[in-house]
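What follows is structure.cif (mmCIF, C-alpha atoms).
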```
data_data
#
loop_
_atom_site.group_PDB
_atom_site.id
_atom_site.type_symbol
_atom_site.label_atom_id
_atom_site.label_comp_id
_atom_site.auth_asym_id
_atom_site.auth_seq_id
_atom_site.Cartn_x
_atom_site.Cartn_y
_atom_site.Cartn_z
ATOM 1 C CA MET R 7 170.363 114.498 73.487
ATOM 2 C CA VAL R 8 167.339 112.595 72.250
ATOM 3 C CA ALA R 9 165.927 113.151 68.767
ATOM 4 C CA PHE R 10 162.378 112.385 67.676
ATOM 5 C CA ASP R 11 161.740 111.251 64.110
ATOM 6 C CA LEU R 12 158.448 110.605 62.350
ATOM 7 C CA HIS R 13 158.439 108.819 58.974
ATOM 8 C CA GLY R 14 162.109 109.662 58.454
ATOM 9 C CA GLU R 15 161.634 113.353 59.252
ATOM 10 C CA ARG R 16 163.097 115.037 62.355
ATOM 11 C CA LEU R 17 160.220 116.111 64.601
ATOM 12 C CA GLY R 18 162.299 117.556 67.439
ATOM 13 C CA THR R 19 164.982 117.115 70.072
ATOM 14 C CA ILE R 20 165.367 117.284 73.833
ATOM 15 C CA ARG R 21 168.426 117.363 76.072
ATOM 16 C CA ILE R 22 168.722 115.489 79.379
ATOM 17 C CA VAL R 23 171.754 116.338 81.562
ATOM 18 C CA PRO R 24 172.698 114.812 84.948
ATOM 19 C CA LEU R 25 172.522 117.188 87.893
ATOM 20 C CA GLY R 26 175.283 117.569 90.440
ATOM 21 C CA TYR R 27 178.127 118.529 88.096
ATOM 22 C CA GLY R 28 177.438 122.273 87.738
ATOM 23 C CA LEU R 29 176.514 121.922 84.058
ATOM 24 C CA THR R 30 172.900 123.107 84.051
ATOM 25 C CA LEU R 31 170.779 126.226 84.300
ATOM 26 C CA THR R 32 168.880 124.547 87.150
ATOM 27 C CA GLU R 33 172.078 124.415 89.197
ATOM 28 C CA GLN R 34 172.766 128.105 88.489
ATOM 29 C CA LEU R 35 169.256 129.108 89.557
ATOM 30 C CA LEU R 36 168.780 126.874 92.590
ATOM 31 C CA PRO R 37 170.741 129.108 95.018
ATOM 32 C CA GLN R 38 168.459 132.021 93.992
ATOM 33 C CA ALA R 39 165.296 129.965 94.645
ATOM 34 C CA GLY R 40 165.448 130.358 98.412
ATOM 35 C CA GLY R 41 165.588 127.936 101.297
ATOM 36 C CA SER R 42 162.275 126.262 100.504
ATOM 37 C CA ALA R 43 163.559 124.673 97.282
ATOM 38 C CA PRO R 44 164.636 121.043 97.687
ATOM 39 C CA SER R 45 168.220 120.033 97.138
ATOM 40 C CA ILE R 46 169.307 117.988 94.154
ATOM 41 C CA GLN R 47 169.408 114.253 94.813
ATOM 42 C CA LYS R 48 171.314 111.429 93.149
ATOM 43 C CA GLY R 49 169.461 110.180 90.080
ATOM 44 C CA GLU R 50 168.023 113.585 89.144
ATOM 45 C CA TRP R 51 168.473 115.196 85.750
ATOM 46 C CA GLU R 52 167.681 118.453 83.997
ATOM 47 C CA VAL R 53 165.490 118.187 80.951
ATOM 48 C CA GLY R 54 165.592 121.110 78.572
ATOM 49 C CA ARG R 55 166.227 122.478 75.131
ATOM 50 C CA LEU R 56 163.013 120.867 73.916
ATOM 51 C CA VAL R 57 162.602 121.868 70.295
ATOM 52 C CA LEU R 58 159.691 120.735 68.130
ATOM 53 C CA ALA R 59 159.090 121.430 64.444
ATOM 54 C CA PRO R 60 156.707 124.402 64.040
ATOM 55 C CA GLU R 61 153.789 122.256 62.876
ATOM 56 C CA TYR R 62 153.875 120.253 66.164
ATOM 57 C CA ARG R 63 154.461 123.034 68.718
ATOM 58 C CA SER R 64 150.783 123.561 69.519
ATOM 59 C CA ASP R 65 150.003 119.827 69.578
ATOM 60 C CA VAL R 66 149.904 118.793 73.244
ATOM 61 C CA ASN R 67 149.658 115.126 72.271
ATOM 62 C CA ALA R 68 152.848 115.376 70.205
ATOM 63 C CA LEU R 69 154.589 116.997 73.165
ATOM 64 C CA ARG R 70 153.253 114.288 75.490
ATOM 65 C CA HIS R 71 154.503 111.587 73.130
ATOM 66 C CA CYS R 72 157.975 113.168 72.890
ATOM 67 C CA MET R 73 158.219 113.537 76.687
ATOM 68 C CA ASN R 74 157.090 109.921 77.042
ATOM 69 C CA LEU R 75 159.782 108.699 74.631
ATOM 70 C CA ALA R 76 162.476 110.823 76.307
ATOM 71 C CA LEU R 77 161.617 109.560 79.801
ATOM 72 C CA GLU R 78 161.380 105.961 78.638
ATOM 73 C CA TYR R 79 164.741 106.175 76.853
ATOM 74 C CA ALA R 80 166.490 107.947 79.734
ATOM 75 C CA CYS R 81 165.272 105.326 82.190
ATOM 76 C CA THR R 82 166.690 102.516 80.051
ATOM 77 C CA GLN R 83 170.099 104.232 79.971
ATOM 78 C CA ALA R 84 170.546 105.478 83.551
ATOM 79 C CA ARG R 85 168.989 105.856 86.973
ATOM 80 C CA VAL R 86 166.305 108.539 86.666
ATOM 81 C CA ASP R 87 164.464 109.359 89.871
ATOM 82 C CA GLY R 88 163.360 112.819 88.834
ATOM 83 C CA LEU R 89 163.631 115.537 86.244
ATOM 84 C CA TRP R 90 164.103 119.258 86.824
ATOM 85 C CA ALA R 91 163.517 122.003 84.273
ATOM 86 C CA THR R 92 163.569 125.758 83.915
ATOM 87 C CA CYS R 93 160.896 127.541 81.929
ATOM 88 C CA THR R 94 158.571 130.525 81.792
ATOM 89 C CA HIS R 95 155.653 130.641 84.196
ATOM 90 C CA SER R 96 153.167 130.059 81.356
ATOM 91 C CA LEU R 97 155.018 126.910 80.243
ATOM 92 C CA SER R 98 155.084 125.620 83.823
ATOM 93 C CA ARG R 99 151.293 125.303 83.619
ATOM 94 C CA LEU R 100 151.657 123.127 80.523
ATOM 95 C CA TYR R 101 154.274 120.892 82.142
ATOM 96 C CA ARG R 102 151.976 120.186 85.120
ATOM 97 C CA ARG R 103 150.082 117.950 82.698
ATOM 98 C CA PHE R 104 153.201 115.811 82.494
ATOM 99 C CA GLY R 105 153.793 115.350 86.227
ATOM 100 C CA PHE R 106 155.938 118.412 86.979
ATOM 101 C CA SER R 107 155.338 120.686 89.978
ATOM 102 C CA VAL R 108 156.439 124.281 90.419
ATOM 103 C CA LEU R 109 159.245 124.661 92.981
ATOM 104 C CA ALA R 110 159.927 128.389 92.605
ATOM 105 C CA ARG R 111 158.677 131.252 90.423
ATOM 106 C CA ASP R 112 160.456 134.376 89.225
ATOM 107 C CA VAL R 113 163.922 133.025 89.993
ATOM 108 C CA PRO R 114 166.521 135.506 88.695
ATOM 109 C CA LEU R 115 169.506 134.420 86.628
ATOM 110 C CA PRO R 116 172.455 136.287 88.169
ATOM 111 C CA GLY R 117 173.924 138.977 85.939
ATOM 112 C CA THR R 118 170.892 139.167 83.643
ATOM 113 C CA ALA R 119 167.340 140.508 83.646
ATOM 114 C CA LYS R 120 165.980 136.997 82.974
ATOM 115 C CA VAL R 121 163.715 135.184 85.430
ATOM 116 C CA TYR R 122 162.637 131.553 85.323
ATOM 117 C CA THR R 123 160.263 129.120 86.952
ATOM 118 C CA LEU R 124 161.933 126.006 88.402
ATOM 119 C CA ILE R 125 159.908 122.822 88.040
ATOM 120 C CA ARG R 126 160.498 119.218 89.060
ATOM 121 C CA GLY R 127 158.793 115.918 88.373
ATOM 122 C CA GLY R 128 159.426 112.597 90.038
ATOM 123 C CA ALA R 129 159.969 109.842 87.475
ATOM 124 C CA ARG R 130 157.056 107.792 88.839
ATOM 125 C CA ASP R 131 154.660 110.783 88.839
ATOM 126 C CA MET R 132 155.718 111.659 85.322
ATOM 127 C CA ALA R 133 155.305 108.068 84.160
ATOM 128 C CA ILE R 134 151.740 108.061 85.484
ATOM 129 C CA ALA R 135 150.953 111.411 83.863
ATOM 130 C CA LEU R 136 152.529 110.379 80.565
ATOM 131 C CA GLY R 137 151.286 106.781 80.573
ATOM 132 C CA VAL R 138 154.774 105.264 80.285
ATOM 133 C CA ALA R 139 154.180 101.515 80.203
ATOM 134 C CA GLY R 140 155.621 99.596 83.152
ATOM 135 C CA MET R 141 157.242 102.578 84.878
ATOM 136 C CA ALA R 142 154.203 103.753 86.797
ATOM 137 C CA THR R 143 154.249 100.627 88.954
ATOM 138 C CA GLN R 144 157.998 100.645 89.711
#
```
Any chance you could give the structure as structure tokens?
Amino acid sequence: MVAFDLHGERLGTIRIVPLGYGLTLTEQLLPQAGGSAPSIQKGEWEVGRLVLAPEYRSDVNALRHCMNLALEYACTQARVDGLWATCTHSLSRLYRRFGFSVLARDVPLPGTAKVYTLIRGGARDMAIALGVAGMATQ
């Protein structure tokens, strides 16, 4: 879990969980995504539970900054080759700005009426999109 503070006030949080241990929504949805979805590789993580204070939720630059900080921090702590996420289709369009690509749409969560869009971003592509210093050239 990464928290974002601004002038001593909590701006938001985000959770980054390693894939491959059966802990994430991505891993529950992947079998429903069909044969065209790529398999999870070593060094890939799920990013989710992004929560921003109400006054920052419509600020794309604040979101970009938080994603930048989260990616930068994660890469200093562990091997991060790529990030996966689950979201609504409308949010998947927003996350394209940050280097994510849609892998599958309308993926059902077994046992519920919920459907998700699976997205993935390579760490290098995300670093370029986010302007993370030094990572874009690695």
Run the PyMOL selection byres ((chain R and resi 65-72) around 10) against the file shown and list the residues it catches, as a PDB file with C-alpha atoms, in the coordinates of the input.
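Writing done, so here's expr.pdb:
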```
ATOM      1  CA  VAL R   8     167.339 112.595  72.250  1.00  0.00           C
ATOM      2  CA  ALA R   9     165.927 113.151  68.767  1.00  0.00           C
ATOM      3  CA  PHE R  10     162.378 112.385  67.676  1.00  0.00           C
ATOM      4  CA  ASP R  11     161.740 111.251  64.110  1.00  0.00           C
ATOM      5  CA  LEU R  17     160.220 116.111  64.601  1.00  0.00           C
ATOM      6  CA  GLY R  18     162.299 117.556  67.439  1.00  0.00           C
ATOM      7  CA  THR R  19     164.982 117.115  70.072  1.00  0.00           C
ATOM      8  CA  ILE R  20     165.367 117.284  73.833  1.00  0.00           C
ATOM      9  CA  LEU R  56     163.013 120.867  73.916  1.00  0.00           C
ATOM     10  CA  VAL R  57     162.602 121.868  70.295  1.00  0.00           C
ATOM     11  CA  LEU R  58     159.691 120.735  68.130  1.00  0.00           C
ATOM     12  CA  PRO R  60     156.707 124.402  64.040  1.00  0.00           C
ATOM     13  CA  GLU R  61     153.789 122.256  62.876  1.00  0.00           C
ATOM     14  CA  TYR R  62     153.875 120.253  66.164  1.00  0.00           C
ATOM     15  CA  ARG R  63     154.461 123.034  68.718  1.00  0.00           C
ATOM     16  CA  SER R  64     150.783 123.561  69.519  1.00  0.00           C
ATOM     17  CA  MET R  73     158.219 113.537  76.687  1.00  0.00           C
ATOM     18  CA  ASN R  74     157.090 109.921  77.042  1.00  0.00           C
ATOM     19  CA  LEU R  75     159.782 108.699  74.631  1.00  0.00           C
ATOM     20  CA  ALA R  76     162.476 110.823  76.307  1.00  0.00           C
ATOM     21  CA  LEU R  77     161.617 109.560  79.801  1.00  0.00           C
ATOM     22  CA  GLU R  78     161.380 105.961  78.638  1.00  0.00           C
ATOM     23  CA  LEU R 100     151.657 123.127  80.523  1.00  0.00           C
ATOM     24  CA  TYR R 101     154.274 120.892  82.142  1.00  0.00           C
ATOM     25  CA  ARG R 103     150.082 117.950  82.698  1.00  0.00           C
ATOM     26  CA  PHE R 104     153.201 115.811  82.494  1.00  0.00           C
ATOM     27  CA  ALA R 135     150.953 111.411  83.863  1.00  0.00           C
ATOM     28  CA  LEU R 136     152.529 110.379  80.565  1.00  0.00           C
ATOM     29  CA  GLY R 137     151.286 106.781  80.573  1.00  0.00           C
ATOM     30  CA  VAL R 138     154.774 105.264  80.285  1.00  0.00           C
TER      31      VAL R 138
END
```
Quiz item: So which residues get picked by the PyMOL selection byres ((chain R and resi 120) around 12) here, written as a PyMOL selection string?
Solution: chain R and resi 31+35+92-94+111-119+121-123
Using C-alpha atoms, can you write the selected residues to a file as a PDB file, keeping the file's coordinate frame?
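The new file result12.pdb reads:
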```
ATOM      1  CA  LEU R  31     170.779 126.226  84.300  1.00  0.00           C
ATOM      2  CA  LEU R  35     169.256 129.108  89.557  1.00  0.00           C
ATOM      3  CA  THR R  92     163.569 125.758  83.915  1.00  0.00           C
ATOM      4  CA  CYS R  93     160.896 127.541  81.929  1.00  0.00           C
ATOM      5  CA  THR R  94     158.571 130.525  81.792  1.00  0.00           C
ATOM      6  CA  ARG R 111     158.677 131.252  90.423  1.00  0.00           C
ATOM      7  CA  ASP R 112     160.456 134.376  89.225  1.00  0.00           C
ATOM      8  CA  VAL R 113     163.922 133.025  89.993  1.00  0.00           C
ATOM      9  CA  PRO R 114     166.521 135.506  88.695  1.00  0.00           C
ATOM     10  CA  LEU R 115     169.506 134.420  86.628  1.00  0.00           C
ATOM     11  CA  PRO R 116     172.455 136.287  88.169  1.00  0.00           C
ATOM     12  CA  GLY R 117     173.924 138.977  85.939  1.00  0.00           C
ATOM     13  CA  THR R 118     170.892 139.167  83.643  1.00  0.00           C
ATOM     14  CA  ALA R 119     167.340 140.508  83.646  1.00  0.00           C
ATOM     15  CA  VAL R 121     163.715 135.184  85.430  1.00  0.00           C
ATOM     16  CA  TYR R 122     162.637 131.553  85.323  1.00  0.00           C
ATOM     17  CA  THR R 123     160.263 129.120  86.952  1.00  0.00           C
TER      18      THR R 123
END
```
Quiz item: What gap, in Å, lies between CA of Ser45 (chain R) and CA of Arg102 (chain R)?
Solution: 20.2 Å
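Applied to this file, the PyMOL selection byres ((chain R and resi 107) around 9) selects Ser98, Arg99, Tyr101, Arg102, Gly105, Phe106, Val108, Leu109, Leu124, Ile125, Arg126 and Gly127 of chain R.
Distances here use all atoms listed in the file; by that measure, the residue among R:Met7, R:Cys81, R:Ala91, R:Ala59 closest to Thr30 (chain R) is R:Ala91.
Computed from the coordinates, the CA of Ala80 (chain R) to CA of Met132 (chain R) distance equals 12.7 Å.
Candidate residues R:Gly88, R:Ile46, R:Gln83, R:Gly41 were compared for distance to Gly26 (chain R), and the nearest is R:Ile46, using only C-alpha atoms.
Using all atoms listed in the file for every distance, the candidate list R:Ala39, R:Ala110, R:Val86, R:Leu97 yields R:Val86 as the residue closest to Ala133 (chain R).
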